[in-house]
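The structure appears right after this line, and notes come after that.
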Amino acid sequence: KRKIIIDTDPGIDDAIAIALALFSEEIEVKLISTVAGNVGINYVTENALKLVSFFKKEVAVARGATGPLVRQSKDASSIHGKTGLEGYAFEEWNERLLVDQHAVNAIYQAIIASEEKTTLLAIGPLTNIALLLKLYPQIENQIEEIIIMGGSIDRGNYNVYAEFNIGYDPEAAKIVFDSAIKKTMVGLNIGLKALIKPEASEEIKTMNKVGDMFYSLFKKYRGGSFEEGLTMFDSTAVAYLLRPDLFTVVDTYVDIELTGQHTTGATLVDFNGHISNEANTTVCIDIDEAGFNKWFLENIRHMDI
Ligand code: BDR
Ligand code: CA
């Protein structure tokens, strides 16, 4: 089984992505590390604990970076609600799952404890991963791949050209994209295409307890609408991990804009070789939308708790 670490800022779409990963039989989630992003670190960490407990899984949670490396950024509480996971009343959660170690060290330990290389699934700002690469540069050799939900091949949702996870901590993203590790970018362009249709949302509601919880969260989630389809950004990164056949990709050079007047945090996806650097990222440019919907629903249907 592929060994996975999920670095996340739950977050409503993170919640669903975490479930898709935890219930998959093809992978083994070794750790969930949290990072400030959608909301602050206390909320996202508590949310991760709530989710893992709700799913009745025994996966450790480690609390990570409290904010971007360099700048002050705005969170996404206007979208995900004050706590990041508004809309469902979770019962007691298992505090025992919280490890007594900073996420960056917990990620390091989890990677070196494994004989096989680990894949990082990054569905929040890249702060923890940048810190990991700076603190433990030799760890690069033990990382199989970083699958990043972030960036965009066209417009952004943080500013005109920056997607939230990159725009929130562009310096961290720069460190990660500049590393020699194999990287895949599953950007906003993919998430905006992979909508969950209104009929499907109704179906999810009645599938099981997990579906009912998701439905309650969706109701608060303004990343799309029940009428026009819901965006599942972070789940598309899990889809790439488990079903790469659903994606069309191009290997190219990606840089992060750090000094733009309006564009800081933009991913410069150099399709035409203007920067003339070697390809450093596998960039997802298209997704089989129907295939994604089918995969997504099938998986939720089997989330028995
Ligand atoms: C990304 O930003 C966050 O709000 C979501 O959780 C997702 O990771 C989409 O731009
Ligand atoms: Ca996220």
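Each chain in the structure tokens gets a letter, A, B and so on, in the order shown; residues start at 1 in every chain, and ligands are counted from 1 in the order they appear.
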Write out as a PyMOL selection string which residues come within 8 Å of stretch 32-44 of chain A when counting only C-alpha atoms, dropping same-chain ones fewer than 3 positions away. chain A and resi 5-11+29+47-48+59-68+75-77+80+82-84+103+106-107+124-125+127-128+165+168
Go ahead and save the residues from that selection, with C-alpha atoms, as a PDB file, in the first residue's frame.
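Contents of the output file selection.pdb:
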```pdb
ATOM      1  CA  ILE A   5       0.622  11.922   4.696  1.00  0.00           C
ATOM      2  CA  ILE A   6      -2.189  14.429   4.329  1.00  0.00           C
ATOM      3  CA  ASP A   7      -1.287  18.034   5.042  1.00  0.00           C
ATOM      4  CA  THR A   8      -4.515  19.949   5.390  1.00  0.00           C
ATOM      5  CA  ASP A   9      -6.516  22.923   6.697  1.00  0.00           C
ATOM      6  CA  PRO A  10     -10.032  21.511   7.182  1.00  0.00           C
ATOM      7  CA  GLY A  11     -12.064  23.150   5.708  1.00  0.00           C
ATOM      8  CA  VAL A  29      -2.619   7.273   5.694  1.00  0.00           C
ATOM      9  CA  ASN A  47     -11.551  19.854  12.883  1.00  0.00           C
ATOM     10  CA  ALA A  48      -9.066  17.198  11.828  1.00  0.00           C
ATOM     11  CA  VAL A  59      -4.788   8.087  12.409  1.00  0.00           C
ATOM     12  CA  ALA A  60      -2.548  10.496  14.279  1.00  0.00           C
ATOM     13  CA  VAL A  61      -3.083  14.226  13.884  1.00  0.00           C
ATOM     14  CA  ALA A  62      -0.241  16.728  14.300  1.00  0.00           C
ATOM     15  CA  ARG A  63      -0.678  20.458  14.728  1.00  0.00           C
ATOM     16  CA  GLY A  64       1.435  22.523  12.364  1.00  0.00           C
ATOM     17  CA  ALA A  65       2.257  26.032  11.217  1.00  0.00           C
ATOM     18  CA  THR A  66       0.262  28.882  12.691  1.00  0.00           C
ATOM     19  CA  GLY A  67       0.516  31.114   9.631  1.00  0.00           C
ATOM     20  CA  PRO A  68       2.457  31.931   6.467  1.00  0.00           C
ATOM     21  CA  ASP A  75      -8.124  33.301   5.748  1.00  0.00           C
ATOM     22  CA  ALA A  76     -11.150  31.734   4.075  1.00  0.00           C
ATOM     23  CA  SER A  77     -13.561  31.812   7.005  1.00  0.00           C
ATOM     24  CA  HIS A  80     -15.860  27.753   5.318  1.00  0.00           C
ATOM     25  CA  LYS A  82     -15.846  30.801  11.501  1.00  0.00           C
ATOM     26  CA  THR A  83     -14.644  27.391  12.693  1.00  0.00           C
ATOM     27  CA  GLY A  84     -13.883  26.079   9.194  1.00  0.00           C
ATOM     28  CA  ALA A 103       3.586  18.700  12.543  1.00  0.00           C
ATOM     29  CA  ALA A 106       5.825  14.490  13.035  1.00  0.00           C
ATOM     30  CA  ILE A 107       5.927  14.450   9.227  1.00  0.00           C
ATOM     31  CA  GLY A 124      -3.728  23.432   2.322  1.00  0.00           C
ATOM     32  CA  PRO A 125      -1.074  26.161   2.174  1.00  0.00           C
ATOM     33  CA  THR A 127       3.915  26.172   4.965  1.00  0.00           C
ATOM     34  CA  ASN A 128       4.578  22.879   6.784  1.00  0.00           C
ATOM     35  CA  ASN A 165      -3.389  27.654  -1.048  1.00  0.00           C
ATOM     36  CA  TYR A 168      -1.937  32.405   1.301  1.00  0.00           C
TER      37      TYR A 168
END
```
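Look at stretch 87-93 of chain A: the protein and nucleic acid residues within 6 Å of it, using only C-alpha atoms and passing over chain neighbours fewer than 5 places away, are Lys50, Ser53, Ser216 and Leu217 of chain A.
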Quick one: DSSP strand (DSSP E) residues in stretch 220-303 of chain A, as a CSV table (one decimal) with N, CA and C atoms, in the first residue's frame?
```csv
chain,number,residue,atom,x,y,z
A,224,GLY,N,-19.4,27.1,-4.8
A,224,GLY,CA,-20.4,26.5,-5.8
A,224,GLY,C,-21.8,26.6,-5.1
A,225,SER,N,-22.7,25.9,-5.7
A,225,SER,CA,-24.1,26.0,-5.1
A,225,SER,C,-24.8,24.7,-5.4
A,229,GLY,N,-24.0,23.1,-8.9
A,229,GLY,CA,-22.9,22.1,-8.7
A,229,GLY,C,-21.9,22.6,-7.7
A,230,LEU,N,-21.4,21.7,-6.9
A,230,LEU,CA,-20.5,22.0,-5.9
A,230,LEU,C,-19.0,21.7,-6.2
A,231,THR,N,-18.2,22.6,-5.9
A,231,THR,CA,-16.7,22.4,-6.2
A,231,THR,C,-16.1,21.6,-5.0
A,247,PHE,N,-7.2,12.0,-15.5
A,247,PHE,CA,-6.6,13.4,-15.7
A,247,PHE,C,-5.8,13.4,-17.0
A,248,THR,N,-5.8,14.6,-17.6
A,248,THR,CA,-4.8,14.9,-18.7
A,248,THR,C,-3.8,15.8,-18.1
A,249,VAL,N,-2.5,15.4,-18.3
A,249,VAL,CA,-1.4,16.2,-17.7
A,249,VAL,C,-0.4,16.7,-18.7
A,250,VAL,N,0.4,17.7,-18.3
A,250,VAL,CA,1.5,18.2,-19.1
A,250,VAL,C,2.6,18.4,-18.1
A,251,ASP,N,3.8,17.9,-18.4
A,251,ASP,CA,5.0,18.2,-17.6
A,251,ASP,C,5.6,19.6,-18.0
A,252,THR,N,5.7,20.5,-17.1
A,252,THR,CA,6.2,21.8,-17.5
A,252,THR,C,6.9,22.5,-16.3
A,253,TYR,N,7.4,23.7,-16.6
A,253,TYR,CA,8.0,24.4,-15.5
A,253,TYR,C,7.0,25.3,-14.8
A,254,VAL,N,6.9,25.3,-13.5
A,254,VAL,CA,6.0,26.2,-12.8
A,254,VAL,C,6.8,27.0,-11.8
A,255,ASP,N,6.6,28.3,-11.8
A,255,ASP,CA,7.3,29.2,-10.8
A,255,ASP,C,6.1,29.9,-10.1
A,256,ILE,N,6.5,30.5,-8.9
A,256,ILE,CA,5.5,31.2,-8.1
A,256,ILE,C,5.9,32.7,-8.1
A,267,THR,N,0.6,31.0,-10.0
A,267,THR,CA,1.5,29.9,-10.5
A,267,THR,C,1.7,30.2,-12.0
A,268,LEU,N,3.0,30.5,-12.3
A,268,LEU,CA,3.4,30.7,-13.7
A,268,LEU,C,3.6,29.4,-14.3
A,269,VAL,N,2.6,28.9,-15.0
A,269,VAL,CA,2.7,27.6,-15.7
A,269,VAL,C,3.2,27.8,-17.1
A,270,ASP,N,4.5,27.5,-17.3
A,270,ASP,CA,5.2,27.9,-18.5
A,270,ASP,C,5.0,27.0,-19.6
A,281,THR,N,7.2,20.2,-12.8
A,281,THR,CA,5.9,19.8,-12.2
A,281,THR,C,5.0,19.1,-13.3
A,282,THR,N,4.3,18.1,-12.8
A,282,THR,CA,3.2,17.6,-13.7
A,282,THR,C,2.0,18.3,-13.4
A,283,VAL,N,1.5,19.0,-14.4
A,283,VAL,CA,0.4,19.9,-14.2
A,283,VAL,C,-0.9,19.3,-14.8
A,284,CYS,N,-1.9,19.2,-14.0
A,284,CYS,CA,-3.2,18.7,-14.5
A,284,CYS,C,-3.9,19.8,-15.3
A,285,ILE,N,-4.2,19.4,-16.6
A,285,ILE,CA,-4.9,20.4,-17.4
A,285,ILE,C,-6.3,20.1,-17.7
A,286,ASP,N,-6.7,18.8,-17.4
A,286,ASP,CA,-8.1,18.5,-17.7
A,286,ASP,C,-8.5,17.2,-16.8
A,287,ILE,N,-9.8,17.1,-16.6
A,287,ILE,CA,-10.3,16.0,-15.8
A,287,ILE,C,-11.5,15.4,-16.5
```
Measuring atom to atom with only C-alpha atoms, identify which of A:Leu20, A:Ala162, A:Leu126, A:Leu85 is nearest to A:Thr264.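 Of A:Leu20, A:Ala162, A:Leu126, A:Leu85, the one nearest A:Thr264 is A:Ala162, counting only C-alpha atoms.
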Looking at only C-alpha atoms, which of A:Asn208, A:Gln72, A:Thr45, A:Asn159 is the one that sits closest to A:His262?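 Closest to A:His262, using only C-alpha atoms: A:Asn159.
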Closest pair table for stretch 166-231 of chain A residues within 6 Å of stretch 143-156 of chain A, only C-alpha atoms, as a tab-separated table:
```
residue	atom	partner	partner_atom	distance
A:Ile166	CA	A:Gly151	CA	6.0
A:Lys182	CA	A:Glu145	CA	4.8
A:Lys183	CA	A:Ile146	CA	4.8
A:Thr184	CA	A:Ile147	CA	4.8
A:Met185	CA	A:Ile148	CA	5.0
A:Val186	CA	A:Met149	CA	4.8
A:Gly187	CA	A:Ser152	CA	4.6
A:Leu188	CA	A:Ser152	CA	5.0
A:Asn189	CA	A:Ser152	CA	5.7
```
Dump of C-alpha atoms for the selected residues, as a PDB file, in the first residue's frame:
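File produced: result-v7.pdb:
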```pdb
ATOM      1  CA  ILE A 166      -0.574  29.313  -2.976  1.00  0.00           C
ATOM      2  CA  LYS A 182       8.365  15.005  -8.042  1.00  0.00           C
ATOM      3  CA  LYS A 183       5.327  17.267  -7.911  1.00  0.00           C
ATOM      4  CA  THR A 184       1.865  17.232  -9.356  1.00  0.00           C
ATOM      5  CA  MET A 185      -0.317  20.310  -9.404  1.00  0.00           C
ATOM      6  CA  VAL A 186      -4.049  19.732  -9.302  1.00  0.00           C
ATOM      7  CA  GLY A 187      -5.185  23.316  -9.598  1.00  0.00           C
ATOM      8  CA  LEU A 188      -8.257  25.438  -9.368  1.00  0.00           C
ATOM      9  CA  ASN A 189      -8.920  24.850 -13.059  1.00  0.00           C
TER      10      ASN A 189
END
```
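Taking atom 3 (C, counted along the ligand's line) of ligand 1 as the reference point, atom CA of A:Ile204 is found at 21.6 Å.
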Excluding A:Phe55 and its own-chain neighbours fewer than 6 positions away, which residues fall within 12 Å of it when counting only C-alpha atoms? Please give them as JSON, numbers by chain. {"A": [15, 16, 18, 19, 20, 21, 22, 23, 48, 49, 90, 91, 93, 94, 208, 209, 210, 211, 213, 214, 300, 303, 304, 305]}
I need the residue nearest ligand 1 from this list: A:Ala194, A:Val160, A:Ile79, A:Met207. Use only C-alpha atoms and all ligand atoms for the distance. A:Ile79
